[in-house]
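Visitor: I am attaching a structure below and will ask some questions about it afterwards.
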Amino acid sequence: MIEIHKKYLRWAFYLAGLVILLLVSLFLSLSVGELKIGFSDIFRILGQGNDSMEYTILSQIRFPRILLGIAVGGSLSLSGVLLQGVYRNPLVEPYTLGISGGASLGVAFAIVFGLHQFIGSFVLPVAGFAGSFLIIFLVYSISSRNGRINIQSMLLTGVMISFIASSSMMLLMAVTSSENLHGIIFWIMGSLDEPDMSLIYITLILAFVSLAASYLFVQPLNALRLGEEKAKHLGINTDTTIKLLFLLASLLAGVCVAVAGVIGFVGLIIPHLMRLLVGSDYRILLVSSFLSGSIFLVLSDVIARTIISPNELPIGVITGIAGGIVFLLMMSRTSSKSLKTNG
Amino acid sequence: MSSIILNIQHLCCGYPKFQLSEINIEVSKGSFSGIIGPNGSGKTTLFRAITGTLSITSGNILLNEKSLRSLSPRQRAQNIAIVSQFIDAGEISVEDYVLMGRIPYHSRFSFFESEEDFRIARKYMEMTDTWRFKDQLMSELSGGEQQLAAIARALTQQPELLLLDEPTSHLDITHQVHILNVLQQLNQEMGISVLMVIHDLNLASEYCDRLILVNHGKIHTQGTPEEVLTFLNIEEVYKTVVVTQNNPLSGKPAVFMATRKVLKEIQEKTANRQ
């Protein structure tokens, strides 16, 4: 009988480990920066209230970034793990389907035509979200016939539309002024710097609601590990499941790109690492991908804003480089391990 | 209650270039039936129609007198379990794989397997002799072992009807016989009805009490192995010269084929005698 619960104990252990890691990275992010604040001082400053400069830095600058990092990292990673489950393809990530291409095009459009000068800075996230949603709608309607979607053709459609979107964006970049060009490039590279607190809260709430919603699909996702037809044999309504999960994953990624710009690799690498670490049962994979995505992005942000302090590097650069290296290391370790066991 | 578990009436279905037409089959409760026929005859199409993967153009499939179409996917999975030809479960531990058979019984909100789920899975893993692999990954098992795990998973669904698509193809004779023995035992001891697509005519004859011979999208003959496996039927459907004789051990018909070389030699001998 003890045998039986071993799996659940292991899950609890992973979960506890990830929560502790998230707390550690949270404190690290609060403490590290141009102005270093010791771990023990953090509580004291926050307890004292609102007058000191340290308090302002913590509550107005670092804390919002952490919240957004948790929301965006978790969402991108969750979106990736859901899409990989739906497509049964480990190379799919939110951006493969053109979500980032669409958002970038929307933002480029808004900047080039000066919409943000007329309407206000709020227009960029809205344009990003509209762009990504347009692309999702296009991909979805092109690949759905008679109410059913062919997931393989959907993937190809997504890749093609993504190309069209990014080429159109380059066209806009080629014809616009250098000032606009700088704005577009800066936005594309992604940042957790978001002045609008309400936008941060919306993203955070959406992230956690989506995590909870994704757990309603945990049985279908597990069954889909065997393939669409076999999942049907297990009594899963695969058509509905695939549609809803695709929409959920796209919405998450669309919101993230709209708020924080294009932060690549999180949706691809974190689910991969988690599969290697906790296994591919979605009951543990969903939450652990979410948490480790949050940890990864909060830590990447620490690196992005300290490594060439007082300047800040685009966070997308850090996630790409750091994520890629960590992933290659993990891959080579696991493949040498499996070679040993096979030999 | 009727004694018919699966009743296929005037079934027509298929693809633009291949159609099944006027299929009528009655599978009795507790029977062990085999669908046989040459490649491309429509065996798999028929199988896919019964499993609900392929939609039906006309006709009806009744499970316990209820139309399959009126059942929800979950209800269907609680009554019919399917073992496909290719298992391809990958990086899942054997126990987790078998436990997936409980998915049709779980609600959307159930998160952990119950003690009963574990108990049921263990029971059928022991029955199929796969309990000893429980912590191994599916991809680490041999073809025959994977097939046994798939049968354990199907049984964990606690179905009334077990459908198998060529469960013994790609296996050596030891595993073929082992798997069919397991199925026979389940059929006899637990009363599970078995319907399988099978290529090997002699295995079909030995294990099935009823055979359905399919050809060109239609049923050619159905009945007991003795009624179906006559040399006339087989030569007509498979376009191969055969001799049938009863297996001296079981008394069931066994099919022996004649190669071109042997046929030529026989012809020469007869010519010489004349």
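Simple scheme: letters A, B, ... for chains in structure tokens order, numbers from 1 for residues in each chain, numbers from 1 for ligands in the order shown.
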Can you pull out every residue within 8 Å of A:Gly316, counting only C-alpha atoms, but drop anything in the same chain fewer than 2 positions away, and send it as a ChimeraX atom specification?
Guide: /A:189-191,262-264,314,318-320
Visitor: For the selection just defined, write its residues with N, CA and C atoms to a file, as a PDB file, in the first residue's frame.
Guide:
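Once written, selection-v4.pdb looks like this:
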```pdb
ATOM      1  N   MET A 189      11.690  43.000 -27.998  1.00  0.00           N
ATOM      2  CA  MET A 189      12.628  42.251 -27.162  1.00  0.00           C
ATOM      3  C   MET A 189      12.063  41.922 -25.790  1.00  0.00           C
ATOM      4  N   GLY A 190      11.004  42.553 -25.431  1.00  0.00           N
ATOM      5  CA  GLY A 190      10.304  42.161 -24.210  1.00  0.00           C
ATOM      6  C   GLY A 190      10.883  42.780 -22.957  1.00  0.00           C
ATOM      7  N   SER A 191       9.982  43.078 -22.006  1.00  0.00           N
ATOM      8  CA  SER A 191      10.418  43.638 -20.732  1.00  0.00           C
ATOM      9  C   SER A 191       9.320  43.443 -19.709  1.00  0.00           C
ATOM     10  N   VAL A 262       7.682  40.213 -26.637  1.00  0.00           N
ATOM     11  CA  VAL A 262       8.001  38.849 -27.036  1.00  0.00           C
ATOM     12  C   VAL A 262       9.113  38.295 -26.148  1.00  0.00           C
ATOM     13  N   ILE A 263       8.732  37.445 -25.210  1.00  0.00           N
ATOM     14  CA  ILE A 263       9.731  36.786 -24.364  1.00  0.00           C
ATOM     15  C   ILE A 263       9.760  35.329 -24.780  1.00  0.00           C
ATOM     16  N   GLY A 264      10.785  34.995 -25.545  1.00  0.00           N
ATOM     17  CA  GLY A 264      10.814  33.684 -26.181  1.00  0.00           C
ATOM     18  C   GLY A 264      11.336  32.591 -25.276  1.00  0.00           C
ATOM     19  N   PRO A 314      17.353  43.507 -22.499  1.00  0.00           N
ATOM     20  CA  PRO A 314      16.013  42.954 -22.763  1.00  0.00           C
ATOM     21  C   PRO A 314      15.924  41.537 -22.200  1.00  0.00           C
ATOM     22  N   ILE A 318      17.987  37.280 -22.295  1.00  0.00           N
ATOM     23  CA  ILE A 318      18.420  36.412 -21.191  1.00  0.00           C
ATOM     24  C   ILE A 318      17.708  35.060 -21.250  1.00  0.00           C
ATOM     25  N   THR A 319      16.374  35.087 -21.439  1.00  0.00           N
ATOM     26  CA  THR A 319      15.655  33.810 -21.450  1.00  0.00           C
ATOM     27  C   THR A 319      16.157  32.925 -22.581  1.00  0.00           C
ATOM     28  N   GLY A 320      16.433  33.540 -23.731  1.00  0.00           N
ATOM     29  CA  GLY A 320      16.920  32.760 -24.872  1.00  0.00           C
ATOM     30  C   GLY A 320      18.267  32.121 -24.583  1.00  0.00           C
TER      31      GLY A 320
END
```
Visitor: Can you list every residue of chain B that has an atom at most 6 Å from chain A, with its nearest atom pair and the distance in Å to one decimal, using only C-alpha atoms, ordered by chain then number, as CSV?
Guide:
```
residue,atom,partner,partner_atom,distance
B:Pro73,CA,A:Gly235,CA,4.2
B:Arg74,CA,A:Gly235,CA,4.1
B:Ala77,CA,A:Gly235,CA,5.0
B:Ala89,CA,A:Leu226,CA,5.4
B:Pro104,CA,A:Gly235,CA,5.6
B:Arg108,CA,A:Leu216,CA,5.8
```
Visitor: What parts of stretch 46-273 of chain A does DSSP call strand (DSSP E or B)? I'd like the answer as a VMD selection string.
Guide: chain A and resid 144 to 145 148 to 149
Visitor: Mind dumping the selected residues with C-alpha atoms as an mmCIF file, in the first residue's frame?
Guide:
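Below is the file part.cif, written as the result:
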```
data_model
loop_
_atom_site.group_PDB
_atom_site.id
_atom_site.type_symbol
_atom_site.label_atom_id
_atom_site.label_comp_id
_atom_site.auth_asym_id
_atom_site.auth_seq_id
_atom_site.Cartn_x
_atom_site.Cartn_y
_atom_site.Cartn_z
ATOM 1 C CA SER A 144 -11.191 23.868 -39.024
ATOM 2 C CA ARG A 145 -13.589 22.091 -41.338
ATOM 3 C CA ARG A 148 -13.447 19.584 -36.541
ATOM 4 C CA ILE A 149 -9.872 20.717 -36.581
#
```
Visitor: Which of stretch 18-196 of chain B counts as helix (DSSP H, G or I) under DSSP, as a PyMOL selection string please?
Guide: chain B and resi 43-51+68-70+73-79+94-105+115-127+131-133+138-140+143-156+173-190
Visitor: Write out as a PDB file with C-alpha atoms, in the first residue's frame which residues come within 9 Å of stretch 252-255 of chain B when counting only C-alpha atoms, dropping same-chain ones fewer than 2 positions away.
Guide:
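As written to disk, part06.pdb reads:
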```pdb
ATOM      1  CA  LEU B 201      -6.436 -18.216 -40.136  1.00  0.00           C
ATOM      2  CA  ASN B 202      -5.160 -21.113 -38.051  1.00  0.00           C
ATOM      3  CA  LEU B 203      -5.031 -19.072 -34.850  1.00  0.00           C
ATOM      4  CA  SER B 205      -9.768 -21.262 -36.106  1.00  0.00           C
ATOM      5  CA  GLU B 206      -8.228 -22.514 -32.866  1.00  0.00           C
ATOM      6  CA  PRO B 225     -14.717 -22.027 -38.054  1.00  0.00           C
ATOM      7  CA  GLU B 226     -15.874 -25.263 -39.701  1.00  0.00           C
ATOM      8  CA  LEU B 229     -12.762 -22.043 -43.221  1.00  0.00           C
ATOM      9  CA  THR B 230     -13.590 -24.305 -46.137  1.00  0.00           C
ATOM     10  CA  PHE B 231     -11.052 -24.504 -48.935  1.00  0.00           C
ATOM     11  CA  ILE B 234     -10.557 -19.406 -48.752  1.00  0.00           C
ATOM     12  CA  VAL B 242      -5.188 -24.311 -49.966  1.00  0.00           C
ATOM     13  CA  VAL B 243      -6.030 -27.601 -48.343  1.00  0.00           C
ATOM     14  CA  THR B 244      -7.946 -27.731 -45.093  1.00  0.00           C
ATOM     15  CA  GLN B 245      -7.665 -30.502 -42.599  1.00  0.00           C
ATOM     16  CA  ASN B 246      -8.626 -30.822 -38.989  1.00  0.00           C
ATOM     17  CA  ASN B 247      -5.998 -30.168 -36.373  1.00  0.00           C
ATOM     18  CA  PRO B 248      -5.348 -33.608 -34.844  1.00  0.00           C
ATOM     19  CA  LEU B 249      -5.187 -32.099 -31.347  1.00  0.00           C
ATOM     20  CA  SER B 250      -8.229 -29.833 -31.312  1.00  0.00           C
ATOM     21  CA  MET B 257      -1.370 -23.529 -48.462  1.00  0.00           C
TER      22      MET B 257
END
```
Visitor: If you count only C-alpha atoms, which residues fall within 9 Å of stretch 189-198 of chain B, apart from same-chain ones fewer than 4 positions away, as an MDAnalysis selection string?
Guide: chainID B and resid 5 27:37 43:44 47 159:169 183:185 203:204 208
Visitor: Mind dumping the selected residues with N, CA and C atoms as a compact mmCIF listing (two decimals), in the first residue's frame?
Guide:
```txt
# COMPACT_ATOMS: atom_id res chain seq x y z
N ILE B 5 -24.81 -9.07 -27.62
CA ILE B 5 -24.18 -7.87 -27.05
C ILE B 5 -23.99 -6.80 -28.13
N VAL B 27 -23.10 -10.41 -32.45
CA VAL B 27 -22.10 -11.00 -31.56
C VAL B 27 -22.79 -11.37 -30.25
N SER B 28 -22.78 -12.65 -29.91
CA SER B 28 -23.47 -13.08 -28.69
C SER B 28 -22.63 -12.76 -27.47
N LYS B 29 -23.33 -12.60 -26.35
CA LYS B 29 -22.64 -12.37 -25.08
C LYS B 29 -21.75 -13.56 -24.76
N GLY B 30 -20.54 -13.27 -24.32
CA GLY B 30 -19.63 -14.33 -23.92
C GLY B 30 -18.99 -15.08 -25.07
N SER B 31 -19.17 -14.56 -26.30
CA SER B 31 -18.57 -15.28 -27.43
C SER B 31 -17.16 -14.78 -27.69
N PHE B 32 -16.44 -15.54 -28.48
CA PHE B 32 -15.07 -15.19 -28.86
C PHE B 32 -15.07 -15.20 -30.39
N SER B 33 -15.17 -14.02 -31.00
CA SER B 33 -15.34 -13.96 -32.44
C SER B 33 -14.14 -13.33 -33.12
N GLY B 34 -13.92 -13.73 -34.35
CA GLY B 34 -12.80 -13.19 -35.11
C GLY B 34 -13.28 -12.64 -36.44
N ILE B 35 -12.72 -11.49 -36.82
CA ILE B 35 -12.97 -10.94 -38.16
C ILE B 35 -11.75 -11.27 -39.00
N ILE B 36 -11.96 -12.02 -40.09
CA ILE B 36 -10.84 -12.37 -40.95
C ILE B 36 -11.11 -11.87 -42.35
N GLY B 37 -10.06 -11.85 -43.16
CA GLY B 37 -10.22 -11.39 -44.54
C GLY B 37 -8.88 -10.89 -45.05
N LYS B 43 -11.59 -5.08 -43.05
CA LYS B 43 -11.58 -5.49 -41.64
C LYS B 43 -11.40 -4.28 -40.73
N THR B 44 -10.36 -3.49 -41.05
CA THR B 44 -10.05 -2.36 -40.18
C THR B 44 -11.11 -1.28 -40.26
N PHE B 47 -13.78 -2.37 -38.08
CA PHE B 47 -13.32 -2.18 -36.70
C PHE B 47 -13.47 -0.72 -36.28
N PRO B 159 -14.84 -3.65 -19.26
CA PRO B 159 -15.82 -3.62 -20.33
C PRO B 159 -16.62 -4.93 -20.41
N GLU B 160 -17.72 -4.85 -21.13
CA GLU B 160 -18.43 -6.09 -21.44
C GLU B 160 -17.89 -6.69 -22.72
N LEU B 161 -17.39 -5.80 -23.59
CA LEU B 161 -16.92 -6.23 -24.90
C LEU B 161 -15.49 -5.73 -25.10
N LEU B 162 -14.64 -6.65 -25.50
CA LEU B 162 -13.24 -6.31 -25.74
C LEU B 162 -12.98 -6.41 -27.24
N LEU B 163 -12.54 -5.30 -27.84
CA LEU B 163 -12.24 -5.29 -29.27
C LEU B 163 -10.74 -5.22 -29.45
N LEU B 164 -10.20 -6.09 -30.31
CA LEU B 164 -8.75 -6.07 -30.52
C LEU B 164 -8.47 -6.04 -32.01
N ASP B 165 -7.53 -5.19 -32.40
CA ASP B 165 -7.13 -5.10 -33.80
C ASP B 165 -5.80 -5.81 -33.98
N GLU B 166 -5.85 -6.97 -34.56
CA GLU B 166 -4.65 -7.79 -34.81
C GLU B 166 -3.71 -7.83 -33.62
N PRO B 167 -4.15 -8.42 -32.51
CA PRO B 167 -3.32 -8.39 -31.31
C PRO B 167 -2.06 -9.23 -31.43
N THR B 168 -1.99 -10.11 -32.42
CA THR B 168 -0.83 -11.00 -32.45
C THR B 168 0.09 -10.73 -33.63
N SER B 169 -0.23 -9.70 -34.45
CA SER B 169 0.68 -9.46 -35.57
C SER B 169 2.01 -8.97 -35.02
N LEU B 183 -6.50 -14.18 -23.52
CA LEU B 183 -7.82 -13.72 -23.96
C LEU B 183 -8.87 -14.81 -23.78
N GLN B 184 -8.47 -16.04 -24.09
CA GLN B 184 -9.41 -17.16 -23.96
C GLN B 184 -9.82 -17.36 -22.49
N GLN B 185 -8.81 -17.23 -21.63
CA GLN B 185 -9.08 -17.38 -20.19
C GLN B 185 -10.05 -16.30 -19.70
N LEU B 203 -4.79 -19.57 -36.21
CA LEU B 203 -5.03 -19.07 -34.85
C LEU B 203 -6.51 -18.72 -34.69
N ALA B 204 -7.07 -18.09 -35.73
CA ALA B 204 -8.50 -17.73 -35.69
C ALA B 204 -9.34 -18.99 -35.48
N CYS B 208 -11.30 -18.91 -31.93
CA CYS B 208 -12.60 -18.24 -32.05
C CYS B 208 -13.71 -19.28 -32.16
```
Visitor: Which residue gives the smallest distance to B:Ser58 among B:Ile25, B:Ile8, B:Leu213, B:Leu141, with only C-alpha atoms counted?
Guide: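 Closest to B:Ser58 of all the choices is B:Ile8.
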Visitor: Using atom CA of A:Arg305 and atom CA of A:Gly293 as the two end points, give the distance in Å to one decimal.
Guide: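 One can read the atom CA of A:Arg305 to atom CA of A:Gly293 distance as 18.3 Å.
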